[in-house]
Amino acid sequence: MKKEIIFFGKGGQGLGVMGKILALSAILEGKEVSSSPSYGGEVTGGLSQSEVIVSDEKIDFPTVLEPDILIIFSQMAIPKTKNKIMIFYDPDLIDAGKLSKNHELIPVPATKMAMEISGERSIANMIMLGAVIAKTQMVKPESIIKIIHEELKGKNPELNEKAFMEGFRLR
């Protein structure tokens, strides 16, 4: 199994956190991982992206060449791709009519759910990550939860775990 994932959106939406938690969870399970975040000129509000490759075998090239999965949180971040891929998107942030019907489109109402759970958008990334993990099963949810508690100490890991599990239950 090899999955090439790109998280697209605006700075401040937690894309780097999502990528880091996924990468560390895969490492915890003994998988091969490559991870690289990148940010535009302004971190908050500028274009942001995080790439993660998870594989059971050695990774030959550390950058995503042909993504299998896109997670998008911003209309300005809709990429063009030739391959049929899974696209996870938040319907409150993305006009699905502008997404290619050639892909598997998976709406995840992460922002709406985040507001219902906590009154804050800041956990939408964990809701989305939960839906991605449930659908792809690239790592175990227990690994994600362990890394959430390690990486988000002092940043309410319990709320982030709850958000992750809510997203996980969607699929």
# chains A, B, ... in the order shown; residues from 1 in each chain; ligands from 1
>>> select_by_dssp(residues="stretch 5-164 of chain A", states="helix (DSSP H, G or I)", output="PyMOL selection string")
chain A and resi 15-28+75-77+96-98+110-118+121-136+141-151+157-164
>>> residues_around(residues="A:Lys31", least_positions_apart="3", cutoff="10 Å", atoms="only C-alpha atoms", output="list of chain:residue names")
A:Met1, A:Lys2, A:Ala23, A:Leu24, A:Ser25, A:Ala26, A:Ile27, A:Leu28, A:Ile53, A:Val54, A:Ser55, A:Asp56, A:Glu57, A:Lys58, A:Met138, A:Val139
>>> write_last_selection(atoms="C-alpha atoms", output="PDB file, in the first residue's frame")
ATOM      1  CA  MET A   1       0.000   0.000   0.000  1.00  0.00           C
ATOM      2  CA  LYS A   2       1.267   3.426  -0.960  1.00  0.00           C
ATOM      3  CA  ALA A  23       2.918  11.086   9.279  1.00  0.00           C
ATOM      4  CA  LEU A  24       3.756  10.396  12.930  1.00  0.00           C
ATOM      5  CA  SER A  25       0.894   7.889  13.191  1.00  0.00           C
ATOM      6  CA  ALA A  26       2.212   6.008  10.165  1.00  0.00           C
ATOM      7  CA  ILE A  27       5.738   6.005  11.638  1.00  0.00           C
ATOM      8  CA  LEU A  28       4.292   4.667  14.905  1.00  0.00           C
ATOM      9  CA  ILE A  53       3.413   9.841   1.482  1.00  0.00           C
ATOM     10  CA  VAL A  54       2.607   6.688   3.480  1.00  0.00           C
ATOM     11  CA  SER A  55       3.897   3.362   2.234  1.00  0.00           C
ATOM     12  CA  ASP A  56       4.513  -0.202   3.337  1.00  0.00           C
ATOM     13  CA  GLU A  57       7.661  -0.175   1.185  1.00  0.00           C
ATOM     14  CA  LYS A  58      10.630   2.142   0.790  1.00  0.00           C
ATOM     15  CA  MET A 138      -4.165   3.929   5.913  1.00  0.00           C
ATOM     16  CA  VAL A 139      -3.450   3.981   9.657  1.00  0.00           C
TER      17      VAL A 139
END
>>> closest_residue(among="A:Ala124, A:Pro67, A:Ala134, A:Met115", to="A:His103", atoms="only C-alpha atoms")
A:Pro67
>>> closest_atom_pairs(of="stretch 105-156 of chain A", to="stretch 92-97 of chain A", cutoff="12 Å", atoms="only C-alpha atoms", output="tab-separated table")
residue	atom	partner	partner_atom	distance
A:Leu105	CA	A:Ala96	CA	8.3
A:Ile106	CA	A:Ala96	CA	9.8
A:Pro107	CA	A:Ala96	CA	8.5
A:Val108	CA	A:Asp92	CA	9.1
A:Pro109	CA	A:Asp92	CA	6.8
A:Ala110	CA	A:Asp92	CA	8.3
A:Thr111	CA	A:Asp92	CA	6.9
A:Lys112	CA	A:Asp92	CA	7.4
A:Met113	CA	A:Asp92	CA	10.6
A:Ala114	CA	A:Asp92	CA	11.7
A:Met115	CA	A:Asp92	CA	11.8
A:Arg121	CA	A:Asp92	CA	11.6
A:Ala124	CA	A:Asp92	CA	11.3
>>> residues_around(residues="stretch 46-50 of chain A", least_positions_apart="4", cutoff="12 Å", atoms="only C-alpha atoms", output="ChimeraX atom specification")
/A:4-23,34-42,63-64,67,69-79
>>> write_last_selection(atoms="N, CA and C atoms", output="short mmCIF file (atom, residue, chain, number, x, y, z; two decimals), in the first residue's frame")
data_model
loop_
_atom_site.label_atom_id
_atom_site.label_comp_id
_atom_site.auth_asym_id
_atom_site.auth_seq_id
_atom_site.Cartn_x
_atom_site.Cartn_y
_atom_site.Cartn_z
N GLU A 4 -0.31 8.72 -1.67
CA GLU A 4 0.26 10.06 -1.76
C GLU A 4 -0.86 11.05 -1.51
N ILE A 5 -0.71 11.86 -0.47
CA ILE A 5 -1.77 12.74 0.00
C ILE A 5 -1.30 14.18 -0.05
N ILE A 6 -2.19 15.07 -0.50
CA ILE A 6 -1.92 16.51 -0.43
C ILE A 6 -3.07 17.17 0.31
N PHE A 7 -2.74 17.96 1.32
CA PHE A 7 -3.69 18.78 2.06
C PHE A 7 -3.54 20.20 1.50
N PHE A 8 -4.62 20.78 0.96
CA PHE A 8 -4.60 22.13 0.40
C PHE A 8 -5.54 23.04 1.18
N GLY A 9 -5.16 24.29 1.31
CA GLY A 9 -6.05 25.26 1.93
C GLY A 9 -5.34 26.56 2.17
N LYS A 10 -5.80 27.27 3.20
CA LYS A 10 -5.19 28.53 3.59
C LYS A 10 -4.46 28.33 4.90
N GLY A 11 -3.41 29.10 5.09
CA GLY A 11 -2.67 29.05 6.34
C GLY A 11 -3.60 29.32 7.51
N GLY A 12 -3.41 28.58 8.60
CA GLY A 12 -4.24 28.75 9.77
C GLY A 12 -5.35 27.71 9.88
N GLN A 13 -5.51 26.87 8.85
CA GLN A 13 -6.56 25.85 8.88
C GLN A 13 -6.07 24.52 9.45
N GLY A 14 -4.82 24.46 9.86
CA GLY A 14 -4.31 23.26 10.50
C GLY A 14 -3.87 22.16 9.55
N LEU A 15 -3.53 22.52 8.32
CA LEU A 15 -3.11 21.52 7.34
C LEU A 15 -1.78 20.87 7.74
N GLY A 16 -0.85 21.68 8.21
CA GLY A 16 0.44 21.15 8.66
C GLY A 16 0.27 20.22 9.84
N VAL A 17 -0.64 20.55 10.74
CA VAL A 17 -0.92 19.70 11.90
C VAL A 17 -1.50 18.37 11.43
N MET A 18 -2.44 18.42 10.48
CA MET A 18 -3.02 17.19 9.95
C MET A 18 -1.95 16.30 9.34
N GLY A 19 -1.10 16.91 8.51
CA GLY A 19 -0.03 16.14 7.87
C GLY A 19 0.93 15.54 8.87
N LYS A 20 1.31 16.33 9.87
CA LYS A 20 2.25 15.85 10.89
C LYS A 20 1.64 14.70 11.70
N ILE A 21 0.39 14.84 12.10
CA ILE A 21 -0.26 13.77 12.88
C ILE A 21 -0.38 12.50 12.05
N LEU A 22 -0.75 12.63 10.78
CA LEU A 22 -0.82 11.45 9.91
C LEU A 22 0.55 10.81 9.75
N ALA A 23 1.56 11.62 9.48
CA ALA A 23 2.92 11.09 9.28
C ALA A 23 3.43 10.38 10.53
N SER A 34 7.08 10.07 4.10
CA SER A 34 7.71 11.31 3.69
C SER A 34 6.68 12.40 3.92
N SER A 35 7.12 13.52 4.49
CA SER A 35 6.19 14.59 4.82
C SER A 35 6.85 15.94 4.57
N SER A 36 6.10 16.85 3.94
CA SER A 36 6.65 18.19 3.71
C SER A 36 5.53 19.22 3.63
N PRO A 37 5.49 20.14 4.60
CA PRO A 37 4.55 21.25 4.52
C PRO A 37 5.15 22.40 3.73
N SER A 38 4.29 23.24 3.13
CA SER A 38 4.79 24.46 2.50
C SER A 38 3.74 25.54 2.67
N TYR A 39 4.19 26.76 2.77
CA TYR A 39 3.29 27.88 3.03
C TYR A 39 3.57 28.99 2.04
N GLY A 40 2.53 29.79 1.77
CA GLY A 40 2.69 30.95 0.90
C GLY A 40 3.36 32.08 1.65
N GLY A 41 3.32 33.27 1.07
CA GLY A 41 3.96 34.44 1.66
C GLY A 41 3.48 34.76 3.05
N GLU A 42 2.20 34.58 3.28
CA GLU A 42 1.63 34.81 4.61
C GLU A 42 1.15 33.47 5.13
N THR A 63 8.66 13.46 -2.72
CA THR A 63 7.63 14.45 -3.02
C THR A 63 6.47 13.78 -3.75
N VAL A 64 5.27 14.24 -3.47
CA VAL A 64 4.08 13.71 -4.14
C VAL A 64 4.15 14.07 -5.62
N PRO A 67 -0.92 12.50 -6.74
CA PRO A 67 -1.67 12.23 -5.51
C PRO A 67 -2.78 11.21 -5.71
N ILE A 69 -4.95 11.08 -2.98
CA ILE A 69 -5.94 11.72 -2.12
C ILE A 69 -5.65 13.20 -2.02
N LEU A 70 -6.69 14.03 -2.17
CA LEU A 70 -6.59 15.47 -1.92
C LEU A 70 -7.57 15.81 -0.82
N ILE A 71 -7.13 16.63 0.11
CA ILE A 71 -8.00 17.17 1.15
C ILE A 71 -7.96 18.68 0.95
N ILE A 72 -9.11 19.27 0.61
CA ILE A 72 -9.10 20.69 0.29
C ILE A 72 -10.05 21.48 1.20
N PHE A 73 -9.53 22.60 1.68
CA PHE A 73 -10.25 23.49 2.58
C PHE A 73 -10.41 24.89 2.00
N SER A 74 -10.02 25.10 0.74
CA SER A 74 -10.12 26.42 0.16
C SER A 74 -10.37 26.32 -1.34
N GLN A 75 -11.30 27.12 -1.83
CA GLN A 75 -11.62 27.15 -3.26
C GLN A 75 -10.40 27.52 -4.08
N MET A 76 -9.54 28.39 -3.53
CA MET A 76 -8.36 28.82 -4.28
C MET A 76 -7.31 27.72 -4.38
N ALA A 77 -7.56 26.61 -3.70
CA ALA A 77 -6.56 25.55 -3.68
C ALA A 77 -6.97 24.34 -4.51
N ILE A 78 -7.95 24.49 -5.39
CA ILE A 78 -8.37 23.34 -6.19
C ILE A 78 -7.36 23.08 -7.30
N PRO A 79 -6.63 21.99 -7.19
CA PRO A 79 -5.61 21.68 -8.18
C PRO A 79 -6.19 20.92 -9.37
#
>>> atom_distance(atom1="atom CA of A:Lys84", atom2="atom CA of A:Val52")
18.1 Å
>>> closest_residue(among="A:Ile85, A:Ile148, A:Leu159, A:Met128", to="A:Arg171", atoms="only C-alpha atoms")
A:Met128
>>> atom_distance(atom1="atom CA of A:Glu142", atom2="atom CA of A:Pro91")
27.4 Å
>>> closest_residue(among="A:Ser118, A:Glu29, A:Ala131, A:Asp68", to="A:Ile147", atoms="only C-alpha atoms")
A:Glu29
>>> closest_residue(among="A:Phe61, A:Asn83, A:Phe88, A:Asn156", to="A:Asn102", atoms="only C-alpha atoms")
A:Asn83
